[in-house]
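Novice: Structure in structure tokens, see below.
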Amino acid sequence: MLSTLIQKEIRALLLSPKFSLTLVACSVLILLSIYTGINEYKASMRLYETASQIESTNFQEARNLMSAQAMVHRQPNPIQIFSTGIHFDVGRLANIARWYDPNFTRSIYSETPVFALFRMLDLSFIFQVILTLFAVLFTYDAISGEKESGTLKLTFTNSVSRAQYLIAKMIGSSIGLLAPLLIPILIGLIMIQLFGIHLTTEDWLSILLFLGSGFVLILVFMIIGLSISAWTSKSSTSFLVLLAIWISTVMIIPRAGVIAADSMVNIPSDSELASQKSTFAAEKNSTFSKELSAIYAKRNEPTQGMSREEARAYRDEKEWEWMEEDDKLRKEKDAEISEYNTKLMSEISNKRNEKARLAFTLARISPVASFQLIAMKLSQTDLDLKTRYLESATRYKTEFTGYLEQKQKETGDPGGIRIEMNADGFKFDMSRSTGIDFSDRPRFQHPEVSLKAIIPQLLGDFSLLGITGLLFFGLSFIGFLRYDMR
Amino acid sequence: MQTTSPVLEAINLTKTYDYHVTALDNLNLSVGRGEIYSLLGGNGAGKTTTMNLFLNFIEPSSGKAIVNGVVTHEEPIKAKQYVAFVSENVQLYGQFTAVQNLDFFTRIGGNTHYTQRDYEQVLLRVGLQKEAHHRKLSGFSKGMRQKCGIAIAILKNTPAILLDEPTSGLDPKAGNEFSRLLAELRDEGKAILMSTHDIFRAKEISDTVGIMNQGKLVMQKSAEELKGENLESLYLHFMAGYMEETA
Ligand SMILES: Nc1ncnc2c1ncn2[C@@H]1O[C@H](COP(=O)(O)OP(=O)(O)OP(=O)(O)O)[C@@H](O)[C@H]1O
Ligand SMILES: [Mg+2]
């Protein structure tokens, strides 16, 4: 019985114009998205490889510590072919220098704004916007259409249970929509192979999970369509209601969630933050220089009454001691500043997390948002992408500056220009040592997140999708139980 | 005609819509094996309501409809195994051919053993020309669809058949063929309950005729009793008489 009903559903779909339309439209869109995804990925990869190449050449050619410039380049992830997330918004590279915190700049969108204009047409977007719409188109008249055509009545003069009928409708339309999607997706996966993009087993699993979550999203929208059609006797009413639901879940709720969270949690802007930092640093620096002048004055006290030669000898004798003293004070002050900055940053990042959590919680009312979060996590282009890289870059900075200090000690290269000024005039001391070998420099560790670590983070959103699906299936069942078959 | 336990039976069957429109008022009737029962009555008399109650498309306000011993609103799925139905306007899947439609509806009717040839034979039996068997239903006339509906009911092969104005849309020749077909089905032992506006045909083929007016069965006569009577004037008499009563 069930198989007869399902067969009929599929047969009817195969013969319907909406099926051929979907097949053509989806094939074109999916193939196009995967193709552009591959191209973007390859371009990102080329940029990354050239940049890394240039960096290592620079190190090979570097003759002294001054010219040893480290840079961190963000490494593209092949799953971004399907889900670009914020990959194009976050900067590609960061300079590693002792004097400032690493910051990623030069995002693809900032360099090629025309991309930003149309955003990236990735498979994730197609799932969220196009396929959810097709899902609704496939089921909006599942029940009401049969009623209008009069076939519902004849069907139910037979020993068909309503549950059976609903399940058959669901299975039939999901096969009818998902099967034609598999074809272009499969071609797309083959294309990725043909373009020579290397995928690890973990990548393949991530892709499977991504596609799986996309299919779940489509199923959820099909169930929503089914349930509305089981509550309305006219397909036109069902269509209007579903259009309203689609617009709010796909277009409004995810954005409204973010906007609402934005107004609820207040976070100082980057420029406010910078001014807060510089105010603190300026204060510290000015007290520090006042302290220094006081100390200098004190140091010069004993030289009063000495002859020029005596004073000079005294100063020469004390020079190292004083320099170390100064250095210690400077380091203390710098540590204070950097501690303050760290505290500020962690406060901000807590607030940002809080805001993101709130935004996601609100946005998750829409299954589309849950899917988007799953997709971005899997492609590692989620909102934490920047933080992950910043953390790694900060760690790397510590490592790298430590390495430079080590080199400095080993080679005696001051690592900069030292200017000494005294009554005799200026004395320059420049990096003179040449041929320092940097091949043993620490390398940047890309902040890779293993699939094992990602999967637990997906469970919540997967359950949300599942619950929404079950909820609407229950609703469709209740609606259909009271449905007038005549 | 057999009188042992009826196949179709209405006992004090009443249906009230919205608590005041009484569509069916305390209907009692029974149809046995090998019997054709015709229900006559003006528009809105309650004929379709009766059919819908036998098919459990609506729940009775009181009383019960029984098919082959099964109370329809208690065990609808079971009851529907024993009854086939042809509506006044048969609607099938327009994108499927006649044979494909037959295949689907007989399968969900519980018969999976039919072959393509069986479908074609039945379609010929109900008078659908051969050329139409493999054409899409969307191009069919009302009468052609009606014939397909009758074919589906025959193929379901149930002890009871409900027909709600089945001949509406049939041309005179097809109407005659249909009467012959009904007689054949009766001879096979089916219990047939048919609503119709065709007084002459009703008299010609029925074993029992009932006249309904405003939800009530106002007359019921067997073929024996009707012999020599003018059914048309009886019909008009009962309709008019009832009108006067209520007026
Ligand atoms: N869904 C409904 N809600 C309210 N009243 C209804 C409904 N369906 C039918 N009725 C009423 O029930 C009564 C009987 O209608 P029914 O369809 O059984 O008549 P009928 O004998 O089949 O008429 P016809 O010859 O026109 O087909 C009518 O008065 C009709 O208005
Ligand atoms: Mg009627």
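The chains in the structure tokens are called A, B, ... from first to last as shown; in each chain the residues are counted from 1, and the ligands are counted from 1 in the order shown.
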Please find the residues of chain B near chain A - the criterion being any atom within 9 Å, counting only C-alpha atoms - and write them as number ranges by chain.

Specialist: B: 52, 55-58, 76-81, 83-87, 89-96, 104-105, 107-110

Novice: Can you tell me which residues sit at most 8 Å away from ligand 2, counting only C-alpha atoms and all ligand atoms, written as a list in words?

Specialist: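 Written in the requested form, the residues are Asn43, Gly44, Gly46, Lys47, Thr48, Thr49, Glu88, Asp164, Glu165 and Ser195 of chain B.
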
Novice: Can I get the selected residues back with C-alpha atoms, as a PDB file, in the first residue's frame?

Specialist:
```pdb
ATOM      1  CA  ASN B  43     -31.579  18.646  -4.756  1.00  0.00           C
ATOM      2  CA  GLY B  44     -30.506  18.842  -1.159  1.00  0.00           C
ATOM      3  CA  GLY B  46     -29.765  14.151   1.583  1.00  0.00           C
ATOM      4  CA  LYS B  47     -28.644  11.524  -0.945  1.00  0.00           C
ATOM      5  CA  THR B  48     -24.985  12.508  -1.083  1.00  0.00           C
ATOM      6  CA  THR B  49     -25.005  12.886   2.699  1.00  0.00           C
ATOM      7  CA  GLU B  88     -21.387  12.080  -9.598  1.00  0.00           C
ATOM      8  CA  ASP B 164     -23.968   8.837  -6.471  1.00  0.00           C
ATOM      9  CA  GLU B 165     -25.722   9.917  -9.652  1.00  0.00           C
ATOM     10  CA  SER B 195     -28.770   7.844  -6.008  1.00  0.00           C
TER      11      SER B 195
END
```

Novice: How many Å lie between atom CA of B:Gln220 and atom 6 (C, counted along the ligand's line) of ligand 1, rounded to one decimal?

Specialist: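 So the two atoms, atom CA of B:Gln220 and atom 6 (C, counted along the ligand's line) of ligand 1, lie 24.0 Å apart.
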
Novice: Apply DSSP to the backbone of this structure and, from stretch 215-446 of chain A, keep only the residues in strand (DSSP E); write these as a list in words.

Specialist: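 Reading the DSSP output for stretch 215-446 of chain A, strand (DSSP E) covers Arg418, Ile419, Glu420, Met421, Asn422, Gly425, Phe426, Lys427, Phe428 and Asp429 of chain A.
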
Novice: Can you write out as a tab-separated table which residues of chain B fall within 12 Å of ligand 1, alongside each residue's closest atom pair and its distance in Å to one decimal, counting only C-alpha atoms and all ligand atoms and ordering rows by chain and ascending residue number?

Specialist:
```
residue	atom	partner	partner_atom_place_in_ligand_line	distance
B:Thr14	CA	ligand 1	12 (O)	11.0
B:Lys15	CA	ligand 1	12 (O)	8.3
B:Thr16	CA	ligand 1	5 (N)	7.9
B:Tyr17	CA	ligand 1	4 (C)	4.9
B:Asp18	CA	ligand 1	4 (C)	6.7
B:Tyr19	CA	ligand 1	4 (C)	9.6
B:His20	CA	ligand 1	5 (N)	9.2
B:Val21	CA	ligand 1	5 (N)	6.2
B:Thr22	CA	ligand 1	12 (O)	6.7
B:Ala23	CA	ligand 1	12 (O)	3.9
B:Leu24	CA	ligand 1	14 (C)	6.9
B:Asp25	CA	ligand 1	14 (C)	10.2
B:Leu39	CA	ligand 1	21 (O)	8.9
B:Leu40	CA	ligand 1	21 (O)	8.2
B:Gly41	CA	ligand 1	21 (O)	6.2
B:Gly42	CA	ligand 1	25 (O)	5.4
B:Asn43	CA	ligand 1	26 (O)	3.4
B:Gly44	CA	ligand 1	19 (O)	3.3
B:Ala45	CA	ligand 1	21 (O)	3.8
B:Gly46	CA	ligand 1	18 (O)	3.1
B:Lys47	CA	ligand 1	21 (O)	3.7
B:Thr48	CA	ligand 1	22 (O)	3.6
B:Thr49	CA	ligand 1	18 (O)	3.7
B:Thr50	CA	ligand 1	18 (O)	6.5
B:Met51	CA	ligand 1	18 (O)	8.0
B:Asn52	CA	ligand 1	18 (O)	8.3
B:Leu53	CA	ligand 1	18 (O)	9.8
B:Phe57	CA	ligand 1	1 (N)	10.6
B:Ile58	CA	ligand 1	1 (N)	9.0
B:Glu59	CA	ligand 1	1 (N)	11.6
B:Ser87	CA	ligand 1	27 (O)	10.3
B:Glu88	CA	ligand 1	27 (O)	8.2
B:Asn89	CA	ligand 1	27 (O)	10.8
B:Leu163	CA	ligand 1	22 (O)	11.4
B:Asp164	CA	ligand 1	22 (O)	7.9
B:Glu165	CA	ligand 1	27 (O)	7.8
B:Pro166	CA	ligand 1	27 (O)	11.3
B:Ser168	CA	ligand 1	27 (O)	10.9
B:Met194	CA	ligand 1	22 (O)	11.2
B:Ser195	CA	ligand 1	22 (O)	8.0
B:Thr196	CA	ligand 1	25 (O)	7.8
B:His197	CA	ligand 1	25 (O)	7.4
B:Asp198	CA	ligand 1	25 (O)	11.2
B:Ile211	CA	ligand 1	21 (O)	10.3
B:Met212	CA	ligand 1	21 (O)	7.8
B:Asn213	CA	ligand 1	21 (O)	8.2
B:Gln214	CA	ligand 1	29 (O)	7.1
B:Gly215	CA	ligand 1	14 (C)	6.7
B:Lys216	CA	ligand 1	14 (C)	10.3
B:Leu217	CA	ligand 1	21 (O)	11.2
```

Novice: Which residues come within 7 Å of stretch 170-186 of chain A, counting only C-alpha atoms, excluding same-chain residues fewer than 2 positions away, as a list in words?

Specialist: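 Neighbouring residues, sequence-local ones excluded: Ile6, Glu9, Ile10, Leu13, Leu23, Cys26, Ser27, Ile30, Leu31, Phe138, Leu166, Ile167, Ala168, Gly188, Leu189, Ile190 and Leu219 of chain A.
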
Novice: Given the selection you just returned, output its residues as a file containing all heavy atoms, formatted as a compact mmCIF listing (two decimals), in the first residue's frame.

Specialist:
```
# COMPACT_ATOMS: atom_id res chain seq x y z
N ILE A 6 3.64 5.76 -2.69
CA ILE A 6 4.91 6.46 -2.95
C ILE A 6 5.21 6.45 -4.45
O ILE A 6 5.57 7.48 -5.03
CB ILE A 6 6.07 5.80 -2.16
CG1 ILE A 6 5.83 5.98 -0.66
CG2 ILE A 6 7.41 6.41 -2.55
CD1 ILE A 6 6.80 5.22 0.22
N GLU A 9 3.23 8.99 -6.15
CA GLU A 9 3.74 10.33 -5.89
C GLU A 9 4.91 10.64 -6.83
O GLU A 9 4.97 11.70 -7.46
CB GLU A 9 4.28 10.42 -4.46
CG GLU A 9 3.32 10.87 -3.39
CD GLU A 9 2.34 11.90 -3.83
OE1 GLU A 9 2.78 12.97 -4.30
OE2 GLU A 9 1.13 11.65 -3.72
N ILE A 10 5.83 9.69 -6.90
CA ILE A 10 7.04 9.92 -7.70
C ILE A 10 6.67 10.02 -9.17
O ILE A 10 7.13 10.91 -9.89
CB ILE A 10 8.06 8.80 -7.45
CG1 ILE A 10 8.51 8.87 -5.98
CG2 ILE A 10 9.26 8.93 -8.37
CD1 ILE A 10 9.42 7.76 -5.56
N LEU A 13 5.14 13.28 -9.88
CA LEU A 13 6.15 14.34 -9.87
C LEU A 13 6.98 14.34 -11.15
O LEU A 13 7.24 15.38 -11.75
CB LEU A 13 7.07 14.17 -8.66
CG LEU A 13 6.66 14.92 -7.42
CD1 LEU A 13 7.61 14.60 -6.28
CD2 LEU A 13 6.64 16.41 -7.68
N LEU A 23 14.79 20.35 -11.86
CA LEU A 23 15.98 19.61 -12.28
C LEU A 23 16.93 20.54 -13.03
O LEU A 23 18.12 20.60 -12.73
CB LEU A 23 15.57 18.43 -13.15
CG LEU A 23 16.70 17.50 -13.56
CD1 LEU A 23 17.34 16.88 -12.33
CD2 LEU A 23 16.18 16.40 -14.47
N CYS A 26 18.10 23.62 -10.69
CA CYS A 26 19.01 23.21 -9.63
C CYS A 26 20.34 22.73 -10.20
O CYS A 26 21.40 23.04 -9.66
CB CYS A 26 18.39 22.11 -8.78
SG CYS A 26 17.04 22.73 -7.81
N SER A 27 20.28 22.00 -11.30
CA SER A 27 21.53 21.52 -11.88
C SER A 27 22.42 22.69 -12.27
O SER A 27 23.61 22.72 -11.94
CB SER A 27 21.25 20.67 -13.12
OG SER A 27 20.48 19.56 -12.77
N ILE A 30 23.61 24.53 -9.00
CA ILE A 30 24.55 23.76 -8.17
C ILE A 30 25.90 23.64 -8.88
O ILE A 30 26.95 23.89 -8.27
CB ILE A 30 23.97 22.37 -7.86
CG1 ILE A 30 22.79 22.51 -6.89
CG2 ILE A 30 25.02 21.45 -7.25
CD1 ILE A 30 22.03 21.24 -6.63
N LEU A 31 25.85 23.32 -10.17
CA LEU A 31 27.11 23.18 -10.89
C LEU A 31 27.85 24.51 -10.95
O LEU A 31 29.06 24.58 -10.75
CB LEU A 31 26.86 22.64 -12.30
CG LEU A 31 26.46 21.16 -12.32
CD1 LEU A 31 26.10 20.70 -13.71
CD2 LEU A 31 27.59 20.30 -11.76
N PHE A 138 7.29 22.10 -3.87
CA PHE A 138 6.98 20.69 -4.09
C PHE A 138 5.83 20.21 -3.22
O PHE A 138 5.15 19.26 -3.58
CB PHE A 138 8.23 19.83 -3.81
CG PHE A 138 8.97 19.46 -5.05
CD1 PHE A 138 9.52 20.43 -5.87
CD2 PHE A 138 9.12 18.14 -5.42
CE1 PHE A 138 10.19 20.10 -7.03
CE2 PHE A 138 9.80 17.79 -6.58
CZ PHE A 138 10.34 18.77 -7.38
N LEU A 166 0.07 10.51 4.49
CA LEU A 166 1.00 11.62 4.76
C LEU A 166 2.45 11.17 4.58
O LEU A 166 3.27 11.88 3.98
CB LEU A 166 0.82 12.12 6.19
CG LEU A 166 -0.18 13.23 6.44
CD1 LEU A 166 -0.08 13.68 7.89
CD2 LEU A 166 0.09 14.40 5.51
N ILE A 167 2.74 9.99 5.12
CA ILE A 167 4.12 9.50 5.04
C ILE A 167 4.50 9.26 3.58
O ILE A 167 5.60 9.62 3.15
CB ILE A 167 4.27 8.22 5.89
CG1 ILE A 167 4.17 8.59 7.38
CG2 ILE A 167 5.60 7.53 5.62
CD1 ILE A 167 4.03 7.41 8.31
N ALA A 168 3.55 8.70 2.82
CA ALA A 168 3.82 8.46 1.40
C ALA A 168 4.08 9.78 0.67
O ALA A 168 4.99 9.90 -0.14
CB ALA A 168 2.66 7.72 0.76
N GLY A 188 29.44 17.68 -9.41
CA GLY A 188 30.26 18.70 -8.75
C GLY A 188 31.42 18.08 -8.00
O GLY A 188 32.55 18.56 -8.06
N LEU A 189 31.13 16.97 -7.28
CA LEU A 189 32.19 16.31 -6.51
C LEU A 189 33.26 15.75 -7.45
O LEU A 189 34.46 15.82 -7.16
CB LEU A 189 31.60 15.20 -5.64
CG LEU A 189 30.71 15.68 -4.48
CD1 LEU A 189 30.15 14.51 -3.71
CD2 LEU A 189 31.50 16.59 -3.55
N ILE A 190 32.79 15.20 -8.57
CA ILE A 190 33.75 14.68 -9.55
C ILE A 190 34.59 15.83 -10.11
O ILE A 190 35.81 15.73 -10.26
CB ILE A 190 33.01 13.94 -10.69
CG1 ILE A 190 32.36 12.68 -10.12
CG2 ILE A 190 33.97 13.59 -11.82
CD1 ILE A 190 31.42 11.97 -11.07
N LEU A 219 14.21 18.80 3.81
CA LEU A 219 13.13 17.97 4.36
C LEU A 219 12.26 18.79 5.30
O LEU A 219 11.02 18.70 5.26
CB LEU A 219 13.70 16.76 5.10
CG LEU A 219 14.19 15.62 4.23
CD1 LEU A 219 14.71 14.48 5.09
CD2 LEU A 219 13.06 15.11 3.35
```

Novice: Do you know which residues are at most 12 Å from B:Leu123 counting only C-alpha atoms, after dropping those on the same chain fewer than 5 positions away, and could you put them as a PyMOL selection string?

Specialist: chain B and resi 98-103+116-118+128-134+144-155

Novice: With distances taken over only C-alpha atoms, which of A:Tyr35, A:Trp320, A:Phe82, A:Phe360 is nearest to A:Trp204?

Specialist: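 Of all the options, A:Phe82 lies closest to A:Trp204.
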
Novice: Go through A:Ile126, A:Ala142, A:Ala94, A:Leu373 one by one, measure the shortest atom-to-atom distance of each to A:Phe480 using only C-alpha atoms, and give the residue with the smallest value.

Specialist: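 Closest residue, counting only C-alpha atoms: A:Ala142.
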
Novice: Could you pull the residues within 8 Å of A:Gly479, counting only C-alpha atoms, minus those fewer than 2 positions along the same chain, as an MDAnalysis selection string?

Specialist: chainID A and resid 227 230:231 475:477 481:483

Novice: Let me make sure I understand: among B:Ile205, B:Ile192, B:Leu226, B:Ala240, which one has the smallest atom-to-atom distance to B:Glu35 if we use only C-alpha atoms?

Specialist: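 Answer, going by the shortest atom-to-atom distance: B:Ile192.
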
Novice: For stretch 173-176 of chain B, work out the shell of residues within 9 Å, counting only C-alpha atoms and skipping chain neighbours fewer than 6 positions away, then give it as a list in words.

Specialist: Val126, Gly127, Gly143, Lys147, Thr167 and Arg201 of chain B

Novice: Rounded to one decimal, what separation in Å do you get between atom CA of A:Asp437 and atom CA of A:Ser52?

Specialist: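 Separating atom CA of A:Asp437 from atom CA of A:Ser52 is a distance of 17.8 Å.
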
Novice: Name all residues at most 10 Å from stretch 272-274 of chain A (count only C-alpha atoms; drop same-chain ones fewer than 4 positions away) and give them as an NGL selection string.

Specialist: :A and (267-268 or 278-280 or 341 or 344-345 or 348)

Novice: Can you measure atom CA of A:Ile252 to atom CA of A:Leu358 for me? One decimal in Å is fine.

Specialist: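 So the two atoms, atom CA of A:Ile252 and atom CA of A:Leu358, lie 16.2 Å apart.
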